[in-house]
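Student: Input structure: query-v8.txt, which contains compact mmCIF, C-alpha atoms.
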# COMPACT_ATOMS: atom_id res chain seq x y z
CA MET M 183 17.91 -53.20 104.64
CA THR M 184 20.58 -54.88 106.73
CA PRO M 185 19.07 -57.30 109.22
CA ARG M 186 20.81 -57.35 112.57
CA LEU M 187 20.95 -60.66 114.34
CA THR M 188 21.72 -61.50 117.91
CA MET M 189 23.12 -64.97 118.34
CA THR M 190 25.01 -66.91 120.93
CA VAL M 191 27.89 -68.75 119.32
CA ASN M 192 29.84 -71.15 121.53
CA GLY M 193 28.58 -69.38 124.62
CA LYS M 194 29.48 -65.91 123.43
CA ALA M 195 26.88 -63.30 122.46
CA ARG M 196 27.40 -62.04 118.92
CA GLU M 197 25.81 -59.11 117.12
CA ILE M 198 25.79 -59.77 113.43
CA ALA M 199 24.89 -57.37 110.65
CA LEU M 200 23.83 -59.46 107.69
CA ASP M 201 24.02 -57.70 104.36
CA ASP M 202 22.48 -60.55 102.37
CA PRO M 203 19.73 -63.02 103.34
CA ARG M 204 21.35 -65.72 101.21
CA VAL M 205 24.12 -66.29 103.76
CA THR M 206 23.83 -69.75 105.24
CA LEU M 207 24.78 -70.50 108.82
CA LEU M 208 27.79 -72.38 107.43
CA ASP M 209 29.06 -69.39 105.47
CA LEU M 210 28.41 -67.12 108.42
CA LEU M 211 30.49 -69.33 110.71
CA ARG M 212 33.33 -69.96 108.30
CA ASP M 213 33.65 -66.72 106.36
CA ARG M 214 32.47 -64.09 108.80
CA LEU M 215 33.12 -65.45 112.27
CA GLY M 216 36.35 -67.31 111.48
CA LEU M 217 35.02 -70.61 112.80
CA THR M 218 36.23 -73.06 110.18
CA GLY M 219 35.59 -76.25 112.16
CA ALA M 220 32.31 -76.94 110.40
CA LYS M 221 33.26 -78.05 106.90
CA LYS M 222 31.71 -77.39 103.53
CA GLY M 223 31.59 -80.79 101.88
CA CYS M 224 28.63 -81.08 99.55
CA ASP M 225 26.85 -77.82 100.49
CA ARG M 226 23.51 -79.50 99.86
CA GLY M 227 22.70 -81.45 103.00
CA GLN M 228 23.95 -84.85 101.98
CA CYS M 229 27.30 -85.28 103.74
CA GLY M 230 26.79 -83.80 107.22
CA ALA M 231 30.30 -82.30 107.41
CA CYS M 232 28.73 -78.95 108.36
CA THR M 233 26.72 -80.34 111.30
CA VAL M 234 26.42 -77.92 114.23
CA LEU M 235 23.91 -77.62 117.05
CA VAL M 236 21.23 -74.94 116.95
CA ASP M 237 19.38 -74.65 120.26
CA GLY M 238 20.78 -78.04 121.17
CA ARG M 239 19.65 -79.85 118.03
CA ARG M 240 21.91 -80.92 115.19
CA VAL M 241 21.32 -79.33 111.81
CA ASN M 242 23.12 -79.06 108.50
CA ALA M 243 24.51 -75.53 108.66
CA CYS M 244 24.60 -75.43 104.85
CA LEU M 245 20.81 -75.84 104.70
CA THR M 246 20.03 -73.20 107.31
CA LEU M 247 19.71 -69.54 106.43
CA ALA M 248 21.48 -67.41 109.03
CA VAL M 249 18.83 -64.72 108.72
CA GLY M 250 16.29 -67.06 110.32
CA LEU M 251 18.39 -67.64 113.42
CA ASP M 252 17.89 -64.41 115.36
CA GLY M 253 18.15 -65.31 119.04
CA ALA M 254 19.53 -68.80 118.40
CA ASP M 255 22.15 -70.60 120.47
CA VAL M 256 24.76 -72.15 118.17
CA LEU M 257 27.38 -74.66 119.22
CA THR M 258 30.22 -75.66 116.90
CA VAL M 259 33.12 -78.06 117.37
CA GLU M 260 35.27 -75.13 118.51
CA GLY M 261 32.99 -74.73 121.52
CA LEU M 262 33.21 -78.30 122.81
CA ALA M 263 36.52 -78.37 124.67
CA GLN M 264 36.52 -76.77 128.09
CA GLY M 265 39.81 -74.97 128.66
CA GLY M 266 42.44 -77.54 127.76
CA ALA M 267 40.16 -80.53 128.30
CA LEU M 268 38.66 -82.20 125.27
CA HIS M 269 35.01 -83.21 125.30
CA PRO M 270 34.52 -86.95 126.03
CA VAL M 271 33.29 -87.46 122.45
CA GLN M 272 36.46 -85.88 121.09
CA GLU M 273 38.59 -88.09 123.35
CA ALA M 274 36.69 -91.17 122.26
CA PHE M 275 37.18 -90.38 118.56
CA ILE M 276 40.93 -90.18 119.16
CA ALA M 277 40.99 -93.37 121.24
CA HIS M 278 39.05 -95.37 118.63
CA ASP M 279 40.55 -93.90 115.44
CA GLY M 280 37.15 -92.52 114.47
CA PHE M 281 38.62 -90.81 111.43
CA GLN M 282 41.27 -90.97 108.78
CA CYS M 283 41.58 -87.73 106.81
CA GLY M 284 39.58 -85.78 109.39
CA PHE M 285 37.45 -83.70 107.05
CA CYS M 286 34.12 -85.12 108.21
CA THR M 287 35.22 -85.33 111.85
CA PRO M 288 33.87 -82.03 113.23
CA GLY M 289 30.45 -82.90 111.80
CA GLN M 290 30.66 -86.46 113.07
CA ILE M 291 31.57 -85.25 116.54
CA MET M 292 28.79 -82.67 116.72
CA SER M 293 26.32 -85.25 115.47
CA ALA M 294 27.51 -87.74 118.09
CA VAL M 295 27.21 -85.15 120.86
CA ALA M 296 23.59 -84.55 119.84
CA LEU M 297 22.83 -88.25 119.43
CA ILE M 298 24.05 -88.98 122.95
CA ALA M 299 22.09 -86.02 124.31
CA GLU M 300 18.94 -87.32 122.60
CA GLY M 301 19.40 -90.49 124.65
CA GLU M 302 17.65 -92.72 122.12
CA ALA M 303 20.42 -94.86 120.74
CA GLY M 304 21.11 -96.92 123.82
CA ASP M 305 23.97 -99.38 123.57
CA ASP M 306 22.88 -100.75 120.23
CA PRO M 307 25.45 -100.27 117.42
CA GLU M 308 22.72 -100.58 114.78
CA ARG M 309 20.76 -97.72 116.32
CA ILE M 310 23.93 -95.66 116.53
CA ARG M 311 24.58 -96.30 112.84
CA GLU M 312 21.04 -95.12 112.08
CA GLY M 313 21.50 -92.14 114.41
CA MET M 314 24.74 -91.18 112.64
CA SER M 315 23.33 -91.77 109.15
CA GLY M 316 23.39 -88.07 108.31
CA ASN M 317 27.19 -88.01 108.45
CA LEU M 318 29.21 -89.65 105.70
CA CYS M 319 32.86 -90.65 106.01
CA ARG M 320 34.46 -91.15 102.63
CA CYS M 321 37.54 -92.74 104.25
CA GLY M 322 35.29 -95.44 105.65
CA ALA M 323 36.05 -94.95 109.34
CA HIS M 324 32.47 -95.74 110.31
CA ARG M 325 33.43 -98.72 112.44
CA GLY M 326 35.74 -96.60 114.58
CA ILE M 327 33.08 -93.90 114.72
CA VAL M 328 30.44 -96.29 116.06
CA ASP M 329 32.92 -97.59 118.63
CA ALA M 330 33.76 -94.02 119.65
CA VAL M 331 30.10 -93.09 120.08
CA LEU M 332 29.43 -96.21 122.17
CA ASP M 333 32.46 -95.51 124.32
CA ALA M 334 31.71 -91.81 124.74
CA GLN M 335 28.18 -92.66 125.72
CA ARG M 336 29.37 -95.02 128.43
CA ARG M 337 31.94 -92.53 129.69
CA MET M 338 29.38 -89.76 129.82
CA ALA M 339 26.96 -92.04 131.64
CA GLY M 340 29.68 -92.33 134.26
CA ASP M 341 30.32 -96.07 134.10
CA ALA M 342 33.26 -96.03 131.80
CA GLN M 343 36.23 -96.76 134.00
CA GLY M 344 38.85 -98.59 132.04
CA ARG M 345 36.52 -99.41 129.18
CA MET M 346 38.35 -97.50 126.49
CA GLY M 347 40.20 -99.86 124.23
CA LYS M 348 41.75 -99.47 120.82
CA ASP M 349 40.36 -102.72 119.50
CA GLY M 350 36.82 -101.66 118.84
CA GLU M 351 35.04 -103.10 121.83
CA ARG M 352 31.31 -103.43 121.36
CA ALA M 353 28.38 -103.70 123.65
CA ALA M 354 27.79 -107.31 124.58
CA MET E 206 21.24 -68.60 94.85
CA TYR E 207 19.72 -65.65 93.07
CA ALA E 208 19.01 -62.66 95.31
CA PHE E 209 15.78 -62.64 97.30
CA ASP E 210 14.22 -60.68 100.13
CA TYR E 211 13.57 -62.38 103.44
CA VAL E 212 10.21 -61.83 105.12
CA LYS E 213 9.43 -63.04 108.63
CA PRO E 214 5.67 -62.73 109.24
CA ALA E 215 4.27 -63.25 112.74
CA SER E 216 0.87 -64.52 111.66
CA VAL E 217 -0.68 -66.66 108.93
CA ALA E 218 -2.59 -63.60 107.67
CA ASP E 219 0.65 -61.63 107.31
CA ALA E 220 2.26 -64.57 105.53
CA VAL E 221 -0.60 -64.84 103.05
CA LYS E 222 -0.28 -61.12 102.40
CA ALA E 223 3.47 -61.37 101.86
CA LEU E 224 2.94 -64.30 99.49
CA SER E 225 0.65 -62.23 97.29
CA ALA E 226 3.74 -60.40 96.00
CA GLU E 227 4.85 -61.61 92.59
CA ASP E 228 7.16 -64.66 92.76
CA ALA E 229 7.21 -64.70 96.55
CA GLN E 230 7.57 -68.20 97.92
CA PRO E 231 7.11 -69.73 101.37
CA ILE E 232 10.03 -71.40 103.13
CA SER E 233 9.58 -73.79 106.02
CA GLY E 234 12.43 -76.18 106.91
CA GLY E 235 14.12 -75.45 103.60
CA GLN E 236 15.67 -78.91 103.32
CA THR E 237 14.54 -79.24 99.72
CA LEU E 238 14.11 -75.58 98.85
CA ILE E 239 17.59 -74.35 99.82
CA PRO E 240 19.44 -76.96 97.70
CA THR E 241 17.06 -76.13 94.86
CA LEU E 242 17.85 -72.42 95.16
CA LYS E 243 21.58 -73.14 95.37
CA GLN E 244 21.32 -74.88 92.02
CA ARG E 245 19.50 -71.84 90.69
CA LEU E 246 16.47 -73.91 89.83
CA GLY E 247 14.24 -71.25 91.34
CA GLN E 248 14.24 -67.49 91.51
CA PRO E 249 11.81 -66.28 94.17
CA SER E 250 11.57 -62.54 94.72
CA ALA E 251 11.10 -63.15 98.43
CA LEU E 252 11.17 -66.05 100.85
CA VAL E 253 8.41 -65.90 103.43
CA ASP E 254 9.54 -67.78 106.54
CA LEU E 255 6.66 -69.79 108.03
CA THR E 256 8.63 -71.29 110.91
CA LYS E 257 8.38 -68.25 113.19
CA ILE E 258 4.57 -68.25 113.22
CA ALA E 259 3.49 -69.66 116.59
CA ASP E 260 0.13 -70.87 115.20
CA LEU E 261 1.91 -73.12 112.72
CA VAL E 262 3.98 -75.12 115.20
CA GLY E 263 2.74 -77.90 117.44
CA ILE E 264 0.74 -81.10 117.69
CA GLU E 265 -2.72 -81.64 119.16
CA ALA E 266 -3.65 -85.24 119.85
CA GLY E 267 -7.41 -85.57 120.32
CA SER E 268 -9.68 -88.56 120.93
CA ASP E 269 -10.35 -89.35 117.29
CA SER E 270 -7.73 -87.38 115.39
CA VAL E 271 -4.23 -85.94 115.60
CA LEU E 272 -3.50 -82.47 114.25
CA VAL E 273 0.07 -81.76 113.19
CA LYS E 274 0.53 -78.08 112.43
CA GLY E 275 2.29 -77.13 109.23
CA ALA E 276 5.70 -75.97 110.45
CA THR E 277 6.15 -78.86 112.89
CA THR E 278 9.41 -80.72 112.32
CA HIS E 279 9.66 -84.44 111.58
CA ALA E 280 11.71 -84.85 114.78
CA ALA E 281 8.89 -83.31 116.83
CA VAL E 282 6.31 -85.69 115.33
CA ALA E 283 8.61 -88.67 115.87
CA ALA E 284 9.15 -87.85 119.54
CA HIS E 285 5.58 -86.82 120.45
CA GLU E 286 3.98 -89.06 123.09
CA GLY E 287 0.47 -88.42 121.81
CA VAL E 288 1.37 -89.38 118.25
CA MET E 289 3.28 -92.45 119.38
CA GLN E 290 0.23 -93.67 121.30
CA ALA E 291 -2.50 -92.71 118.85
CA ILE E 292 -0.80 -93.42 115.51
CA PRO E 293 2.50 -95.21 116.12
CA GLY E 294 2.86 -95.84 112.39
CA LEU E 295 2.97 -92.09 111.78
CA ALA E 296 5.55 -91.47 114.52
CA LYS E 297 7.75 -94.23 113.11
CA LEU E 298 7.43 -92.86 109.60
CA ALA E 299 8.54 -89.43 110.80
CA ALA E 300 11.45 -91.00 112.70
CA HIS E 301 12.91 -92.39 109.48
CA ILE E 302 12.59 -89.48 107.07
CA GLY E 303 16.02 -88.57 105.69
CA ASP E 304 18.52 -88.32 108.53
CA PRO E 305 18.51 -86.70 111.98
CA GLN E 306 19.77 -83.34 110.72
CA VAL E 307 17.03 -83.16 108.11
CA ARG E 308 14.38 -84.24 110.63
CA ASN E 309 15.34 -81.36 112.92
CA ARG E 310 14.57 -78.80 110.21
CA GLY E 311 12.18 -80.35 107.70
CA THR E 312 8.45 -79.89 108.30
CA ILE E 313 5.26 -81.72 107.43
CA GLY E 314 3.82 -78.69 105.64
CA GLY E 315 6.89 -78.39 103.46
CA SER E 316 6.86 -82.07 102.61
CA VAL E 317 3.17 -82.15 101.77
CA ALA E 318 3.32 -78.91 99.77
CA ASN E 319 6.31 -80.12 97.76
CA ASN E 320 4.80 -83.61 97.16
CA ASP E 321 8.03 -85.24 96.11
CA PRO E 322 7.08 -88.57 94.48
CA ALA E 323 9.45 -90.42 96.83
CA ALA E 324 8.65 -88.53 100.06
CA CYS E 325 7.27 -90.46 103.03
CA TYR E 326 4.61 -88.13 104.43
CA PRO E 327 2.32 -88.20 101.36
CA ALA E 328 1.90 -91.96 101.92
CA ALA E 329 0.68 -91.37 105.49
CA VAL E 330 -1.58 -88.48 104.50
CA LEU E 331 -3.23 -90.50 101.72
CA GLY E 332 -3.05 -93.84 103.54
CA LEU E 333 -4.80 -92.51 106.63
CA GLY E 334 -7.26 -90.44 104.63
CA ALA E 335 -6.06 -87.29 106.38
CA THR E 336 -7.27 -83.76 105.74
CA VAL E 337 -4.87 -81.03 104.60
CA LEU E 338 -5.69 -77.72 106.28
CA THR E 339 -4.75 -74.47 104.59
CA ASP E 340 -5.17 -70.79 105.32
CA ARG E 341 -8.42 -70.84 103.34
CA ARG E 342 -9.97 -74.35 103.30
CA GLU E 343 -9.76 -78.03 104.14
CA ILE E 344 -8.75 -80.48 101.42
CA ALA E 345 -9.30 -84.25 101.63
CA ALA E 346 -6.17 -86.26 100.88
CA ASP E 347 -7.91 -87.94 97.92
CA ASP E 348 -8.35 -84.51 96.31
CA TYR E 349 -5.06 -83.02 97.43
CA PHE E 350 -2.37 -85.07 95.64
CA GLN E 351 -2.48 -84.52 91.89
CA GLY E 352 0.70 -86.07 90.53
CA MET E 353 4.39 -85.69 91.30
CA PHE E 354 5.24 -82.26 92.71
CA THR E 355 1.63 -81.26 92.01
CA THR E 356 -1.09 -80.56 94.58
CA ALA E 357 -4.46 -78.85 94.89
CA LEU E 358 -2.78 -75.83 96.51
CA GLU E 359 -3.37 -72.50 94.84
CA GLU E 360 -0.72 -69.86 94.34
CA GLY E 361 0.23 -68.45 97.75
CA GLU E 362 -1.89 -70.97 99.70
CA ILE E 363 -0.26 -72.17 102.92
CA VAL E 364 -0.56 -75.62 104.48
CA THR E 365 -1.39 -74.78 108.09
CA GLY E 366 -1.67 -78.37 109.26
CA VAL E 367 -2.66 -81.96 108.57
CA ARG E 368 -5.43 -83.68 110.53
CA PHE E 369 -5.00 -87.46 110.74
CA PRO E 370 -7.88 -89.70 111.85
CA ILE E 371 -6.77 -92.24 114.45
CA PRO E 372 -6.90 -95.69 112.82
CA GLU E 373 -7.53 -99.04 114.47
CA LYS E 374 -4.09 -99.99 113.27
CA SER E 375 -1.63 -98.78 110.69
CA ALA E 376 2.02 -98.94 109.70
CA TYR E 377 4.46 -97.73 107.09
CA ALA E 378 7.01 -99.97 105.40
CA LYS E 379 9.76 -98.34 103.38
CA PHE E 380 12.43 -99.80 101.13
CA VAL E 381 15.00 -97.05 101.35
CA GLN E 382 17.22 -95.59 98.72
CA PRO E 383 20.26 -96.15 100.93
CA ALA E 384 22.01 -92.83 100.30
CA SER E 385 19.11 -90.38 100.52
CA ARG E 386 16.73 -92.46 102.67
CA PHE E 387 13.93 -91.44 100.36
CA ALA E 388 11.48 -94.25 99.61
CA LEU E 389 12.51 -96.42 96.69
CA THR E 390 9.03 -97.68 97.44
CA GLY E 391 7.06 -97.03 100.62
CA VAL E 392 3.60 -98.25 101.59
CA TYR E 393 1.31 -96.92 104.32
CA ALA E 394 -1.44 -99.40 105.18
CA ALA E 395 -4.24 -98.44 107.56
CA LYS E 396 -7.32 -100.12 108.98
CA LEU E 397 -9.77 -97.35 109.77
CA LYS E 398 -13.35 -97.23 111.01
CA GLY E 399 -14.39 -96.41 107.45
CA GLY E 400 -12.38 -99.19 105.82
CA VAL E 401 -8.89 -100.09 104.68
CA ARG E 402 -6.56 -97.74 102.82
CA VAL E 403 -3.23 -98.55 101.19
CA ALA E 404 -1.10 -95.70 99.84
CA VAL E 405 2.10 -96.10 97.87
CA THR E 406 4.92 -93.59 97.51
CA GLY E 407 8.21 -93.72 95.59
CA ALA E 408 6.91 -96.08 92.94
CA SER E 409 4.66 -94.29 90.47
CA GLU E 410 5.43 -91.61 87.93
CA SER E 411 2.12 -90.08 89.00
CA GLY E 412 3.25 -89.66 92.61
CA VAL E 413 1.56 -91.17 95.64
CA PHE E 414 -1.42 -93.43 94.83
CA ARG E 415 -3.85 -95.86 96.42
CA TRP E 416 -3.62 -99.55 95.59
CA ALA E 417 -7.30 -100.42 95.25
CA GLU E 418 -6.87 -104.21 94.83
CA ALA E 419 -4.94 -104.46 98.08
CA GLU E 420 -7.51 -102.35 99.90
CA ALA E 421 -10.31 -104.68 98.76
CA ALA E 422 -8.38 -107.81 99.72
CA LEU E 423 -7.41 -106.42 103.11
CA ALA E 424 -10.91 -105.19 103.88
CA SER E 425 -12.16 -108.78 104.03
CA ASN E 426 -8.97 -110.26 105.45
CA TRP E 427 -6.45 -107.96 107.16
CA SER E 428 -3.34 -110.10 106.84
CA PRO E 429 -0.15 -110.33 104.77
CA GLU E 430 -1.54 -113.55 103.28
CA ALA E 431 -4.41 -111.62 101.72
CA VAL E 432 -1.86 -109.50 99.84
CA GLU E 433 0.15 -112.56 98.84
CA THR E 434 -2.68 -113.80 96.63
CA LEU E 435 -2.69 -110.56 94.60
CA ALA E 436 -0.73 -109.84 91.46
CA ALA E 437 1.67 -106.92 91.86
CA PRO E 438 0.33 -103.69 90.34
CA ALA E 439 1.15 -103.08 86.69
CA ALA E 440 4.72 -101.98 86.01
CA ASP E 441 3.43 -99.59 83.39
CA GLY E 442 3.73 -96.06 84.79
CA MET E 443 6.14 -97.02 87.56
CA ILE E 444 9.38 -95.07 87.99
CA GLY E 445 12.49 -96.51 86.38
CA ASP E 446 15.93 -95.16 87.35
CA ILE E 447 19.39 -96.38 88.31
CA HIS E 448 18.01 -97.61 91.62
CA GLY E 449 15.24 -99.80 90.27
CA ALA E 450 13.35 -100.69 87.09
CA PRO E 451 9.55 -100.28 86.86
CA ASP E 452 8.82 -103.99 87.34
CA TYR E 453 11.13 -104.05 90.36
CA ARG E 454 9.22 -101.19 91.93
CA ALA E 455 5.90 -102.88 91.14
CA HIS E 456 7.18 -105.97 92.93
CA LEU E 457 8.29 -103.85 95.87
CA VAL E 458 4.78 -102.40 96.20
CA LYS E 459 3.46 -105.86 97.00
CA VAL E 460 6.33 -106.74 99.33
CA MET E 461 6.13 -103.46 101.24
CA THR E 462 2.36 -103.78 101.54
CA LYS E 463 2.75 -107.18 103.18
CA ARG E 464 5.37 -105.79 105.54
CA ALA E 465 3.24 -102.80 106.46
CA VAL E 466 0.25 -105.00 107.27
CA ALA E 467 2.45 -107.35 109.31
CA ALA E 468 3.90 -104.40 111.24
CA ALA E 469 0.57 -102.68 111.95
I need this file expressed as structure tokens, please.
Tutor:
Amino acid sequence: MTPRLTMTVNGKAREIALDDPRVTLLDLLRDRLGLTGAKKGCDRGQCGACTVLVDGRRVNACLTLAVGLDGADVLTVEGLAQGGALHPVQEAFIAHDGFQCGFCTPGQIMSAVALIAEGEAGDDPERIREGMSGNLCRCGAHRGIVDAVLDAQRRMAGDAQGRMGKDGERAA
Amino acid sequence: MYAFDYVKPASVADAVKALSAEDAQPISGGQTLIPTLKQRLGQPSALVDLTKIADLVGIEAGSDSVLVKGATTHAAVAAHEGVMQAIPGLAKLAAHIGDPQVRNRGTIGGSVANNDPAACYPAAVLGLGATVLTDRREIAADDYFQGMFTTALEEGEIVTGVRFPIPEKSAYAKFVQPASRFALTGVYAAKLKGGVRVAVTGASESGVFRWAEAEAALASNWSPEAVETLAAPAADGMIGDIHGAPDYRAHLVKVMTKRAVAAA
């Protein structure tokens, strides 16, 4: 039996015929839909490089069976930019050097987008670190990542004029 | 992963029926099960998905108890107003299981059914003297946990929910394994109408357990100082691994108990 799934991926309706229930969301995105933004790091839910949003909530795509996602709305890093304009979180990661090699970055960015949407972290770097704890950066760019999340949060809250700096500004 | 069939029942009765097939296994959030299958440590003939059953998702906060249905995610428990008001210690525990991605998928039923010796939920279930509800019966926490990865559940029995009595006060204190956020040692301390309960996870080779000496001391004097006068539990039978030796974990039991009481 070949289950047929209907999914929205980055705003676009997709009909997917799944020949094997073992396919994870990550393998579906990367190998079958050509969306290679989400990365396969550990493939066991430890690194967060595969983080995408399912119905607005961040999940490890490697620990999610695609077959269980009939009707789901999936957002990956490829779906963030609008036309030529980067998402504020993407801009903030660039402005604050929130990466080095870049492998974990799509997962970091999707996680940050969800964290800001959850609205729980406030302006507290420690709570942002906790809120980003599911995403590891082996290059050690965490300081820039926290700065980027803080900055993106302020920009998205609309009070960010001129507050982007390269020197890792923190909430007072 | 070895090949398996995927079954998506719409009711608990259909799920129980599907689970009667040989080697069929339930899947809820899958945050432990999927990595296990990827390592080929299991070979179920079918995975029966419990997360699409409407009766298994949700939280009901009553006047003297809170019911968390089996396929409710940790994130949902952590963010639930009723839980935060009635049993803030439980909401905080749920808010610090694993990481945000795991909390958005992992469920209380899965955690309690798996009974990992370092999982957080078993400490709350035993510490609050909760009742585990299944498709066929109700099991008191004291009868439910039977050693690491071992429970009173029968083959094919589904955890449909956990009913927590609302305590006078309670809190969970966890010393985290910093990479996994599992409990290196975690203690749930609760002052209930029926008395004091102290449950310890992450420490013992026998899984979650109650620390009777601390319960007795706290029953007459609910304060961190009452715990201070106690000797730490025996290191014999505590877990020893690269993260901590048995005597270190025994010491942590006492420290985390004091912190839990102070936080309650």
Student: Determine which residues of chain E sit within 10 Å of chain M, taking into account all atoms listed in the file, and present them as an MDAnalysis selection string.
Tutor: chainID E and resid 206:213 234:244 251:252 254 256:257 280 301 303:310 383:386
Student: Which residues, written as a list in words, have at least one atom at most 9 Å from Gly238 (chain M), with all atoms listed in the file counted and residues fewer than 6 positions away on the same chain left out?
Tutor: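 The residues satisfying every condition are Asp255, Val256, Leu257, Ala296 and Ala299 of chain M.
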Student: Output C-alpha atoms of each residue in that selection to a file, as a short mmCIF file (atom, residue, chain, number, x, y, z; two decimals), in the coordinates of the input.
Tutor:
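The result, stored in result-v1.cif:
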data_model
loop_
_atom_site.label_atom_id
_atom_site.label_comp_id
_atom_site.auth_asym_id
_atom_site.auth_seq_id
_atom_site.Cartn_x
_atom_site.Cartn_y
_atom_site.Cartn_z
CA ASP M 255 22.15 -70.60 120.47
CA VAL M 256 24.76 -72.15 118.17
CA LEU M 257 27.38 -74.66 119.22
CA ALA M 296 23.59 -84.55 119.84
CA ALA M 299 22.09 -86.02 124.31
#
Student: For CA of Pro429 (chain E) and CA of Lys463 (chain E), quote the distance in Å rounded to one decimal.
Tutor: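 Taking CA of Pro429 (chain E) as the start and CA of Lys463 (chain E) as the end point, the length is 4.6 Å.
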Student: Ala465 (chain E): which residues within 10 Å, counting only C-alpha atoms, same-chain residues fewer than 6 positions away excluded, as number ranges by chain?
Tutor: E: 294, 375-379, 391-395, 403, 428-429, 459
Student: Just the number, please: distance in Å from CA of Asp252 (chain M) to CA of Arg186 (chain M), one decimal.
Tutor: 8.1 Å
